[in-house]
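**Q** Following this line is protein.tsv, made up of TSV, C-alpha atoms:
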chain	number	residue	atom	x	y	z
A	1439	MET	CA	0.00	0.00	0.00
A	1440	VAL	CA	2.86	2.38	0.80
A	1441	LEU	CA	4.54	1.74	-2.57
A	1442	LEU	CA	1.25	2.24	-4.39
A	1443	HIS	CA	0.71	5.52	-2.57
A	1444	LEU	CA	4.22	6.73	-3.51
A	1445	ARG	CA	3.67	5.86	-7.19
A	1446	VAL	CA	0.37	7.70	-7.28
A	1447	GLU	CA	2.00	10.71	-5.64
A	1448	ARG	CA	4.85	10.71	-8.18
A	1449	VAL	CA	2.43	10.56	-11.10
A	1450	ALA	CA	0.43	13.42	-9.62
A	1451	ASN	CA	3.59	15.52	-9.19
A	1452	ARG	CA	4.63	14.90	-12.81
A	1453	GLN	CA	1.24	15.90	-14.11
A	1454	SER	CA	1.34	19.01	-11.97
A	1455	GLU	CA	4.78	19.96	-13.33
A	1456	LYS	CA	3.62	19.45	-16.94
A	1457	PHE	CA	0.54	21.56	-16.31
A	1458	THR	CA	2.61	24.36	-14.76
A	1459	HIS	CA	5.06	24.27	-17.69
A	1460	SER	CA	2.24	24.35	-20.24
A	1461	CYS	CA	0.62	27.28	-18.46
A	1462	THR	CA	3.91	29.20	-18.47
A	1463	MET	CA	4.38	28.56	-22.19
A	1464	ALA	CA	0.75	29.43	-22.88
A	1465	ASP	CA	1.12	32.85	-21.26
A	1466	ARG	CA	4.17	33.73	-23.30
A	1467	TYR	CA	2.58	34.88	-26.58
A	1468	GLN	CA	-0.36	36.40	-24.77
A	1469	GLU	CA	1.96	38.57	-22.70
A	1470	GLN	CA	3.92	39.56	-25.79
A	1471	LEU	CA	0.79	40.55	-27.65
A	1472	GLN	CA	-0.35	42.55	-24.65
A	1473	GLN	CA	2.94	44.45	-24.72
A	1474	ASP	CA	2.84	44.98	-28.49
A	1475	SER	CA	-0.81	46.05	-28.66
A	1476	GLN	CA	-0.14	49.67	-27.77
A	1477	PHE	CA	2.64	49.85	-30.36
A	1478	LEU	CA	0.45	48.35	-33.09
A	1479	CYS	CA	-2.49	50.64	-32.38
A	1480	ALA	CA	-0.37	53.80	-32.32
A	1481	GLU	CA	0.29	56.01	-35.36
A	1482	GLN	CA	-1.91	53.89	-37.65
A	1483	ARG	CA	0.81	51.32	-38.18
A	1484	VAL	CA	-1.79	48.74	-39.23
A	1485	GLY	CA	-3.86	50.11	-42.07
A	1486	THR	CA	-7.14	48.83	-43.47
A	1487	GLU	CA	-5.49	46.66	-46.11
A	1488	LEU	CA	-3.08	44.97	-43.69
A	1489	LEU	CA	-5.80	44.44	-41.11
A	1490	ASP	CA	-7.98	42.80	-43.74
A	1491	LYS	CA	-5.16	40.42	-44.69
A	1492	LEU	CA	-4.55	39.50	-41.06
A	1493	VAL	CA	-8.22	38.78	-40.44
A	1494	LEU	CA	-8.49	36.63	-43.56
A	1495	GLN	CA	-5.34	34.73	-42.60
A	1496	LEU	CA	-6.74	33.94	-39.16
A	1497	ASN	CA	-10.04	32.94	-40.70
A	1498	ARG	CA	-8.74	30.64	-43.43
A	1499	ILE	CA	-6.16	28.61	-41.52
A	1500	TYR	CA	-7.11	25.26	-40.04
A	1501	PRO	CA	-8.17	25.08	-37.32
A	1502	GLN	CA	-9.81	28.47	-37.59
A	1503	ILE	CA	-8.74	31.18	-35.17
A	1504	LEU	CA	-11.57	33.46	-36.28
A	1505	THR	CA	-14.93	32.12	-37.34
A	1506	ASP	CA	-16.67	33.49	-40.43
A	1507	ARG	CA	-18.88	35.66	-38.26
A	1508	GLU	CA	-15.93	37.04	-36.31
A	1509	ALA	CA	-13.99	37.70	-39.49
A	1510	GLN	CA	-16.93	39.59	-40.97
A	1511	LYS	CA	-17.12	41.70	-37.83
A	1512	PHE	CA	-13.43	42.69	-37.93
A	1513	ARG	CA	-13.62	43.42	-41.69
A	1514	ASN	CA	-16.53	45.83	-41.35
A	1515	LEU	CA	-15.38	48.96	-43.18
A	1516	SER	CA	-18.00	51.10	-41.45
A	1517	VAL	CA	-15.91	50.83	-38.28
A	1518	PRO	CA	-12.54	52.64	-38.19
A	1519	ALA	CA	-9.51	50.38	-38.64
A	1520	ALA	CA	-7.97	51.51	-35.35
A	1521	THR	CA	-11.10	50.45	-33.44
A	1522	ARG	CA	-11.29	47.10	-35.21
A	1523	LEU	CA	-7.59	46.44	-34.60
A	1524	ALA	CA	-7.87	47.15	-30.88
A	1525	GLU	CA	-10.90	44.86	-30.63
A	1526	LEU	CA	-9.13	42.15	-32.63
A	1527	LEU	CA	-6.03	42.20	-30.41
A	1528	SER	CA	-8.14	42.04	-27.27
A	1529	HIS	CA	-10.22	39.24	-28.77
A	1530	LEU	CA	-7.13	37.18	-29.66
A	1531	GLN	CA	-5.69	37.56	-26.18
A	1532	GLY	CA	-8.92	36.18	-24.79
A	1533	LYS	CA	-8.74	33.20	-27.15
A	1534	GLY	CA	-5.39	32.05	-25.79
A	1535	GLU	CA	-1.87	31.17	-26.77
A	1536	GLU	CA	-2.50	29.61	-30.17
A	1537	ALA	CA	-4.53	32.55	-31.39
A	1538	CYS	CA	-1.82	35.03	-30.36
A	1539	HIS	CA	0.86	32.87	-31.95
A	1540	GLU	CA	-1.02	32.70	-35.24
A	1541	PHE	CA	-1.43	36.48	-35.23
A	1542	TYR	CA	2.34	36.90	-35.02
A	1543	ARG	CA	2.81	34.42	-37.85
A	1544	ALA	CA	0.29	36.27	-40.02
A	1545	LEU	CA	1.90	39.63	-39.30
A	1546	HIS	CA	5.33	38.22	-40.12
A	1547	LEU	CA	3.99	36.88	-43.41
A	1548	HIS	CA	2.22	40.03	-44.58
A	1549	ASN	CA	4.45	42.77	-43.14
A	1550	GLU	CA	7.85	41.59	-42.03
A	1551	ASP	CA	9.19	45.11	-41.38
A	1552	LEU	CA	6.43	45.88	-38.92
A	1553	TYR	CA	6.86	42.48	-37.28
A	1554	LEU	CA	10.58	43.02	-36.74
A	1555	SER	CA	9.95	46.48	-35.28
A	1556	LEU	CA	7.65	45.19	-32.54
A	1557	PRO	CA	9.00	45.99	-29.05
A	1558	THR	CA	9.09	42.33	-28.02
A	1559	ARG	CA	11.01	41.37	-31.18
A	1560	VAL	CA	13.49	44.21	-30.76
A	1561	TYR	CA	14.07	43.18	-27.17
A	1562	ARG	CA	14.65	39.55	-28.18
A	1563	ARG	CA	17.32	40.64	-30.68
A	1564	GLU	CA	19.05	42.98	-28.26
A	1565	ALA	CA	18.85	40.72	-25.18
A	1566	PRO	CA	22.00	38.63	-26.01
A	1567	GLU	CA	24.04	41.82	-26.50
A	1568	LEU	CA	22.83	43.33	-23.23
A	1569	SER	CA	23.61	40.17	-21.29
A	1570	GLY	CA	27.18	40.17	-22.62
A	1571	THR	CA	27.04	36.70	-24.11
A	1572	ASN	CA	29.60	36.18	-26.85
A	1573	PRO	CA	30.22	32.78	-28.44
A	1574	LYS	CA	33.24	34.01	-30.44
A	1575	PRO	CA	35.94	33.13	-27.83
A	1576	PHE	CA	35.30	29.44	-28.45
A	1577	HIS	CA	36.23	29.83	-32.12
A	1578	LYS	CA	39.21	31.97	-31.19
A	1579	GLU	CA	40.51	29.34	-28.82
A	1580	ARG	CA	40.19	26.69	-31.51
A	1581	CYS	CA	42.39	28.78	-33.77
A	1582	VAL	CA	45.00	29.24	-31.03
A	1583	LEU	CA	45.30	25.49	-30.60
A	1584	ASN	CA	46.37	25.14	-34.24
A	1585	ASP	CA	48.67	28.17	-34.52
A	1586	ARG	CA	51.89	26.15	-34.88
A	1587	GLY	CA	51.50	25.86	-38.62
A	1588	PRO	CA	52.58	23.19	-41.11
A	1589	LEU	CA	56.32	23.81	-40.59
A	1590	PHE	CA	56.14	22.48	-37.02
A	1591	PHE	CA	54.52	19.24	-38.15
A	1592	LEU	CA	56.97	18.94	-41.04
A	1593	CYS	CA	59.86	19.21	-38.57
A	1594	CYS	CA	58.33	16.52	-36.35
A	1595	PHE	CA	57.85	14.26	-39.34
A	1596	SER	CA	61.44	14.83	-40.49
A	1597	ILE	CA	62.81	13.92	-37.05
A	1598	ALA	CA	60.70	10.76	-36.91
A	1599	LEU	CA	61.75	9.80	-40.43
A	1600	GLY	CA	65.43	10.39	-39.67
A	1601	LEU	CA	65.34	8.29	-36.50
A	1602	ALA	CA	63.54	5.49	-38.34
A	1603	LEU	CA	66.10	5.48	-41.14
A	1604	LEU	CA	68.92	5.59	-38.59
A	1605	HIS	CA	67.50	2.53	-36.85
A	1606	TYR	CA	66.86	0.40	-39.93
A	1607	HIS	CA	69.91	1.44	-41.99
A	1608	ARG	CA	72.81	1.46	-39.55
A	1609	GLU	CA	74.97	-0.63	-41.85
A	1610	GLY	CA	74.78	1.84	-44.70
A	1611	LYS	CA	76.86	4.70	-43.29
A	1612	ILE	CA	77.03	6.67	-46.47
A	1613	VAL	CA	73.35	6.31	-47.21
A	1614	THR	CA	72.47	7.14	-43.64
A	1615	GLY	CA	74.70	10.18	-43.58
A	1616	SER	CA	73.20	11.51	-46.80
A	1617	VAL	CA	69.68	10.86	-45.57
A	1618	LEU	CA	70.40	12.57	-42.26
A	1619	SER	CA	71.89	15.56	-44.00
A	1620	CYS	CA	68.73	15.88	-46.06
A	1621	THR	CA	66.53	15.27	-43.07
A	1622	THR	CA	68.16	17.91	-40.90
A	1623	PHE	CA	67.72	20.47	-43.65
A	1624	GLY	CA	65.18	23.07	-42.50
A	1625	LEU	CA	65.31	22.00	-38.82
A	1626	GLY	CA	66.26	24.20	-35.94
A	1627	GLN	CA	69.82	24.15	-34.66
A	1628	HIS	CA	68.91	22.33	-31.47
A	1629	ALA	CA	66.95	19.58	-33.28
A	1630	ARG	CA	69.73	19.21	-35.85
A	1631	GLN	CA	72.37	18.68	-33.15
A	1632	ILE	CA	70.26	16.03	-31.43
A	1633	LEU	CA	69.71	14.12	-34.66
A	1634	LEU	CA	73.38	14.26	-35.66
A	1635	SER	CA	74.53	13.19	-32.19
A	1636	CYS	CA	72.24	10.15	-32.45
A	1637	SER	CA	73.86	9.36	-35.79
A	1638	ASN	CA	77.37	9.59	-34.37
A	1639	SER	CA	76.42	7.39	-31.40
A	1640	GLY	CA	75.07	4.76	-33.77
A	1641	THR	CA	78.29	4.88	-35.80
A	1642	LYS	CA	80.50	4.43	-32.73
A	1643	MET	CA	78.47	1.44	-31.59
A	1644	GLU	CA	79.12	-0.30	-34.85
Once more with this new file: its structure as structure tokens, please.

**A**
Amino acid sequence: MVLLHLRVERVANRQSEKFTHSCTMADRYQEQLQQDSQFLCAEQRVGTELLDKLVLQLNRIYPQILTDREAQKFRNLSVPAATRLAELLSHLQGKGEEACHEFYRALHLHNEDLYLSLPTRVYRREAPELSGTNPKPFHKERCVLNDRGPLFFLCCFSIALGLALLHYHREGKIVTGSVLSCTTFGLGQHARQILLSCSNSGTKME
């Protein structure tokens, strides 16, 4: 009985967390539209033609955001566009998250410049700069790790090749000497001395 009670309690907690998360997400577009409403209604930014396109878009998508009757109401030319726009925005906020989201999509489709100038969109673009986040140092660090260049790797390869030839061709002194002289070409003085000293040691051992 105790285990059953714990399982039921866990399921209830998970459902509660999902519900809280969905409510938070659902309020997001509604809050944005509430903030943008004053901007949209000011200075006749949304004219009659644009408002008509937005209403038709919300009416023709599936599932419908605006019914035919609601669309006819917001397309009534006898009512000023500013009044119809204010009523439409208030109506969409009352309908919920999906309705507000579809309004933003319609506005982005029919007037991208106005959409990008919305206060909430401007804030979203400027927020990373204000917070000081900058992903560029990661790329810069990657470049620093590889700043040795091809000459460094060529020198390493030459040293490895010279030591290998020295090991497998001890009996051929002349060949080895010529190979080592070619191998040490282009190396630093310190690396050249090490390689030549190894060659001399191998010669003495023979």

**Q** Residues at most 9 Å from Asp1474 (chain A), counting all atoms listed in the file, excluding those fewer than 3 positions away in the same chain, as a list in words?

**A**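 Everything that qualifies: Glu1469, Gln1470, Leu1471, Phe1477, Leu1478, Cys1479, Leu1556, Pro1557 and Thr1558 of chain A.
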
**Q** Between A:Phe1512, A:Phe1595, A:Tyr1467, A:Tyr1606, which residue has the minimum interatomic distance to Arg1559 (chain A), considering only C-alpha atoms?

**A**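 Looking at the shortest contact to Arg1559 (chain A), the residue is A:Tyr1467.
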
**Q** CA of Ala1519 (chain A) to CA of Leu1545 (chain A): how many Å, to one decimal?

**A**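 Going from CA of Ala1519 (chain A) over to CA of Leu1545 (chain A), I get 15.7 Å.
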
**Q** Ranking A:Leu1494, A:Ala1480, A:Cys1594, A:Leu1601 by minimum distance to Glu1540 (chain A) and counting only C-alpha atoms, which one comes first?

**A**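 The answer is A:Leu1494, which sits nearest to Glu1540 (chain A).
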
**Q** What is the CA of Lys1511 (chain A)-CA of Ile1499 (chain A) distance in Å, reported with one decimal?

**A** 17.5 Å

**Q** Let me make sure I understand: among A:Leu1603, A:Cys1593, A:Leu1489, A:Ala1544, which one has the smallest atom-to-atom distance to Glu1525 (chain A) if we use all atoms listed in the file?

**A**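 Of A:Leu1603, A:Cys1593, A:Leu1489, A:Ala1544, the one nearest Glu1525 (chain A) is A:Leu1489, counting all atoms listed in the file.
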
**Q** Find the distance between CA of Val1560 (chain A) and CA of Gln1473 (chain A) and write it in Å to one decimal.

**A**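 Value for the CA of Val1560 (chain A)-CA of Gln1473 (chain A) distance: 12.2 Å.
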
**Q** Go through A:Ser1596, A:Thr1486, A:Ala1602, A:Ile1503 and flag the residue nearest Pro1518 (chain A), using only C-alpha atoms for the distances.

**A**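 Smallest distance to Pro1518 (chain A) is found for A:Thr1486.
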
**Q** Mind checking which residues fall within 10 Å of Asp1490 (chain A), counting all atoms listed in the file, ignoring those fewer than 3 positions away in the same chain, and posting them as a PyMOL selection string?

**A** chain A and resi 1484-1487+1493-1495+1509-1510+1512-1515+1519+1523

**Q** Choose the residue, out of A:Ala1565, A:Leu1504, A:Leu1552, A:Leu1488, that has the smallest atom-to-atom separation from Lys1533 (chain A); count all atoms listed in the file.

**A**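 The closest residue to Lys1533 (chain A) is A:Leu1504.
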